[in-house]
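A.B. asks: So here's coords.csv (CSV, C-alpha atoms).
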```csv
chain,number,residue,atom,x,y,z
M,1,MET,CA,15.9,-12.6,6.7
M,2,ASP,CA,17.3,-15.6,4.9
M,3,LYS,CA,16.4,-17.1,1.5
M,4,ILE,CA,13.6,-19.2,3.0
M,5,ASP,CA,12.0,-16.1,4.6
M,6,GLN,CA,12.2,-14.2,1.3
M,7,GLU,CA,10.6,-17.1,-0.6
M,8,LEU,CA,7.9,-17.5,2.1
M,9,ILE,CA,7.1,-13.8,1.8
M,10,ALA,CA,6.9,-14.1,-2.0
M,11,LEU,CA,4.5,-17.0,-1.7
M,12,LEU,CA,2.3,-15.1,0.8
M,13,ARG,CA,2.3,-12.0,-1.4
M,14,LYS,CA,1.0,-14.1,-4.3
M,15,ASP,CA,-1.7,-15.8,-2.1
M,16,ALA,CA,-1.8,-15.1,1.6
M,17,ARG,CA,-4.4,-17.8,2.0
M,18,THR,CA,-2.1,-20.6,1.0
M,19,SER,CA,-2.2,-23.3,3.6
M,20,VAL,CA,0.9,-23.9,5.8
M,21,ALA,CA,1.1,-27.4,4.4
M,22,THR,CA,1.3,-26.1,0.8
M,23,LEU,CA,3.8,-23.5,1.8
M,24,ALA,CA,5.9,-26.1,3.5
M,25,THR,CA,5.8,-28.3,0.4
M,26,LYS,CA,6.8,-25.5,-1.9
M,27,LEU,CA,9.6,-24.4,0.4
M,28,GLY,CA,10.8,-27.9,1.1
M,29,VAL,CA,10.6,-27.5,4.9
M,30,SER,CA,8.3,-28.8,7.6
M,31,ARG,CA,4.9,-27.2,8.5
M,32,GLY,CA,6.3,-26.3,11.9
M,33,THR,CA,9.1,-24.4,10.3
M,34,VAL,CA,6.7,-22.4,8.2
M,35,THR,CA,4.4,-21.7,11.2
M,36,ASN,CA,7.4,-20.6,13.3
M,37,ARG,CA,8.8,-18.4,10.5
M,38,ILE,CA,5.5,-16.7,9.9
M,39,GLN,CA,5.1,-16.0,13.6
M,40,ARG,CA,8.6,-14.6,13.8
M,41,LEU,CA,8.1,-12.4,10.8
M,42,GLU,CA,4.8,-11.1,12.3
M,43,ASP,CA,6.4,-10.6,15.8
M,44,SER,CA,9.3,-8.7,14.3
M,45,GLY,CA,7.0,-6.4,12.4
M,46,THR,CA,8.2,-7.6,9.0
M,47,ILE,CA,4.7,-8.9,8.2
M,48,VAL,CA,2.3,-6.3,9.5
M,49,GLY,CA,-0.9,-7.7,8.1
M,50,TYR,CA,-2.7,-9.4,5.3
M,51,THR,CA,-5.1,-7.8,2.9
M,52,VAL,CA,-7.6,-8.5,0.0
M,53,ARG,CA,-6.8,-7.4,-3.5
M,54,LEU,CA,-9.8,-6.8,-5.7
M,55,ARG,CA,-10.1,-6.7,-9.5
M,56,PRO,CA,-10.1,-3.1,-10.8
M,57,ASP,CA,-13.7,-3.6,-11.9
M,58,ALA,CA,-14.9,-5.1,-8.6
M,59,GLN,CA,-15.7,-1.7,-7.2
M,60,PRO,CA,-16.6,0.2,-10.4
M,61,ASN,CA,-17.7,3.4,-8.7
M,62,GLU,CA,-14.7,3.8,-6.4
M,63,ILE,CA,-12.6,6.8,-7.4
M,64,HIS,CA,-8.8,6.3,-7.5
M,65,ALA,CA,-6.5,9.3,-7.8
M,66,TRP,CA,-2.7,10.0,-7.5
M,67,MET,CA,-1.6,12.9,-5.4
M,68,SER,CA,1.9,14.3,-5.8
M,69,VAL,CA,3.0,16.0,-2.6
M,70,ALA,CA,5.8,18.6,-2.1
M,71,VAL,CA,7.1,18.8,1.5
M,72,GLU,CA,8.5,21.9,3.2
M,73,GLY,CA,12.0,21.6,4.5
M,74,ASN,CA,12.7,18.6,6.6
M,75,GLU,CA,9.1,17.9,7.5
M,76,THR,CA,9.0,14.6,5.5
M,77,ARG,CA,8.7,12.2,8.5
M,78,ALA,CA,5.9,14.2,10.1
M,79,VAL,CA,4.0,14.5,6.8
M,80,ILE,CA,4.4,10.8,6.1
M,81,ALA,CA,3.0,10.0,9.6
M,82,SER,CA,0.0,12.3,9.0
M,83,LEU,CA,-0.7,10.8,5.5
M,84,LEU,CA,-0.5,7.2,6.8
M,85,GLY,CA,-3.2,8.2,9.3
M,86,GLU,CA,-5.5,9.5,6.6
M,87,PRO,CA,-8.1,6.9,5.7
M,88,GLY,CA,-8.3,8.1,2.1
M,89,VAL,CA,-4.7,7.3,1.4
M,90,ALA,CA,-4.4,3.7,0.1
M,91,THR,CA,-0.7,3.7,-0.5
M,92,LEU,CA,2.2,6.2,0.0
M,93,HIS,CA,5.5,6.3,-1.8
M,94,ASP,CA,8.7,8.3,-1.3
M,95,THR,CA,10.0,9.5,-4.6
M,96,ASN,CA,12.5,11.8,-6.2
M,97,GLY,CA,12.2,14.7,-8.7
M,98,ARG,CA,9.8,17.6,-8.4
M,99,TRP,CA,7.6,15.9,-5.8
M,100,ASP,CA,8.6,14.3,-2.5
M,101,LEU,CA,5.8,11.9,-2.0
M,102,LEU,CA,3.2,10.1,-4.2
M,103,ALA,CA,-0.1,9.0,-2.6
M,104,GLU,CA,-2.7,6.8,-4.1
M,105,LEU,CA,-6.1,8.0,-2.9
M,106,ARG,CA,-9.4,6.1,-2.9
M,107,ALA,CA,-12.9,7.5,-2.3
M,108,THR,CA,-16.4,6.3,-2.9
M,109,ASN,CA,-17.5,9.5,-4.7
M,110,LEU,CA,-16.3,12.9,-5.7
M,111,ALA,CA,-17.6,14.5,-2.5
M,112,GLU,CA,-15.6,12.1,-0.4
M,113,LEU,CA,-12.5,12.7,-2.5
M,114,SER,CA,-13.0,16.4,-2.0
M,115,LYS,CA,-13.0,16.0,1.7
M,116,VAL,CA,-9.9,13.8,1.6
M,117,LEU,CA,-8.1,16.4,-0.5
M,118,GLU,CA,-9.1,19.1,1.9
M,119,ARG,CA,-7.9,17.2,5.0
M,120,ILE,CA,-4.5,16.5,3.2
M,121,ARG,CA,-4.0,20.1,2.2
M,122,LEU,CA,-4.4,21.1,5.9
M,123,ILE,CA,-1.4,18.9,7.0
M,124,ARG,CA,1.4,21.0,8.4
M,125,GLY,CA,4.6,20.6,6.3
M,126,ILE,CA,2.9,20.2,2.9
M,127,SER,CA,3.8,23.0,0.6
M,128,SER,CA,1.9,22.0,-2.5
M,129,THR,CA,0.0,19.1,-4.1
M,130,GLU,CA,-1.2,18.0,-7.5
M,131,THR,CA,-3.9,15.4,-7.9
M,132,SER,CA,-4.9,13.4,-11.0
M,133,ILE,CA,-8.0,11.1,-11.0
M,134,HIS,CA,-7.6,7.7,-12.6
M,135,LEU,CA,-10.0,7.5,-15.6
M,136,GLU,CA,-9.2,4.0,-16.8
M,137,THR,CA,-6.6,1.3,-16.0
M,138,TYR,CA,-5.2,-0.6,-19.0
M,139,ARG,CA,-2.9,-3.0,-17.3
M,140,LEU,CA,-2.6,-4.3,-13.8
M,141,SER,CA,0.4,-6.4,-12.8
```
Could you render the structure as structure tokens?
C.D. replies:
Amino acid sequence: MDKIDQELIALLRKDARTSVATLATKLGVSRGTVTNRIQRLEDSGTIVGYTVRLRPDAQPNEIHAWMSVAVEGNETRAVIASLLGEPGVATLHDTNGRWDLLAELRATNLAELSKVLERIRLIRGISSTETSIHLETYRLS
């Protein structure tokens, strides 16, 4: 990846709906160059998809929680693969310190969150977890 690819990705992170013409103007390259680079980044797996970001208050009843996960031995790759397949896991982070992984969980209600927690606790290779529910967000970058 060169500087143009990195700048292109930064622009797409800011607004993935930006037109190719606008991206080309901002990058100082042709529309064909932008189209080809986006295609190459998608084909190589660097860009794996596009998503919608919502304001925190757009889904006021959705429950967000953080789950800290301790992994047994060298089971980290298997645990990560299992967690990435769990629909209740919105994001997953490798970390250091007391916990090995940090998962952001999302559920529509407490009963659904309980089911997500139960499924995660059954994953082979997880030795312990600790979950904290988000009560309020004060700042979102």
A.B. asks: Which residues are close to region 40-51 of chain M, i.e. within 9 Å by only C-alpha atoms, leaving aside same-chain residues fewer than 2 positions away? Reply as a list in words.
C.D. replies: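 Counting only C-alpha atoms, the residues come to Met1, Asp5, Ile9, Leu12, Arg13, Ala16, Thr35, Asn36, Arg37, Ile38 and Arg53 of chain M.
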A.B. asks: Can you pull out the residues contacting region 92-103 of chain M? Cut-off 10 Å, using all atoms listed in the file, and skip same-chain residues under 2 positions away; I want them as number ranges by chain.
C.D. replies: M: 65-72, 76, 79-80, 83-84, 88-90, 105-106, 126, 128-131
A.B. asks: Keeping only C-alpha atoms, write the selected residues as a PDB file, in the coordinates of the input.
C.D. replies:
```pdb
ATOM      1  CA  ALA M  65      -6.500   9.300  -7.800  1.00  0.00           C
ATOM      2  CA  TRP M  66      -2.700  10.000  -7.500  1.00  0.00           C
ATOM      3  CA  MET M  67      -1.600  12.900  -5.400  1.00  0.00           C
ATOM      4  CA  SER M  68       1.900  14.300  -5.800  1.00  0.00           C
ATOM      5  CA  VAL M  69       3.000  16.000  -2.600  1.00  0.00           C
ATOM      6  CA  ALA M  70       5.800  18.600  -2.100  1.00  0.00           C
ATOM      7  CA  VAL M  71       7.100  18.800   1.500  1.00  0.00           C
ATOM      8  CA  GLU M  72       8.500  21.900   3.200  1.00  0.00           C
ATOM      9  CA  THR M  76       9.000  14.600   5.500  1.00  0.00           C
ATOM     10  CA  VAL M  79       4.000  14.500   6.800  1.00  0.00           C
ATOM     11  CA  ILE M  80       4.400  10.800   6.100  1.00  0.00           C
ATOM     12  CA  LEU M  83      -0.700  10.800   5.500  1.00  0.00           C
ATOM     13  CA  LEU M  84      -0.500   7.200   6.800  1.00  0.00           C
ATOM     14  CA  GLY M  88      -8.300   8.100   2.100  1.00  0.00           C
ATOM     15  CA  VAL M  89      -4.700   7.300   1.400  1.00  0.00           C
ATOM     16  CA  ALA M  90      -4.400   3.700   0.100  1.00  0.00           C
ATOM     17  CA  LEU M 105      -6.100   8.000  -2.900  1.00  0.00           C
ATOM     18  CA  ARG M 106      -9.400   6.100  -2.900  1.00  0.00           C
ATOM     19  CA  ILE M 126       2.900  20.200   2.900  1.00  0.00           C
ATOM     20  CA  SER M 128       1.900  22.000  -2.500  1.00  0.00           C
ATOM     21  CA  THR M 129       0.000  19.100  -4.100  1.00  0.00           C
ATOM     22  CA  GLU M 130      -1.200  18.000  -7.500  1.00  0.00           C
ATOM     23  CA  THR M 131      -3.900  15.400  -7.900  1.00  0.00           C
TER      24      THR M 131
END
```
A.B. asks: Please, what distance in Å, to one decimal, runs between CA of Arg124 (chain M) and CA of Ala107 (chain M)?
C.D. replies: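 Computing the Euclidean distance for CA of Arg124 (chain M) and CA of Ala107 (chain M) yields 22.4 Å.
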A.B. asks: Please report the interatomic distance between CA of Thr91 (chain M) and CA of Glu104 (chain M) in Å with one decimal.
C.D. replies: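 According to the coordinates, CA of Thr91 (chain M) and CA of Glu104 (chain M) are separated by 5.2 Å.
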A.B. asks: Do you have the CA of Ile123 (chain M)-CA of Ala111 (chain M) distance handy?
C.D. replies: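 Here the two named atoms are 19.3 Å from each other.
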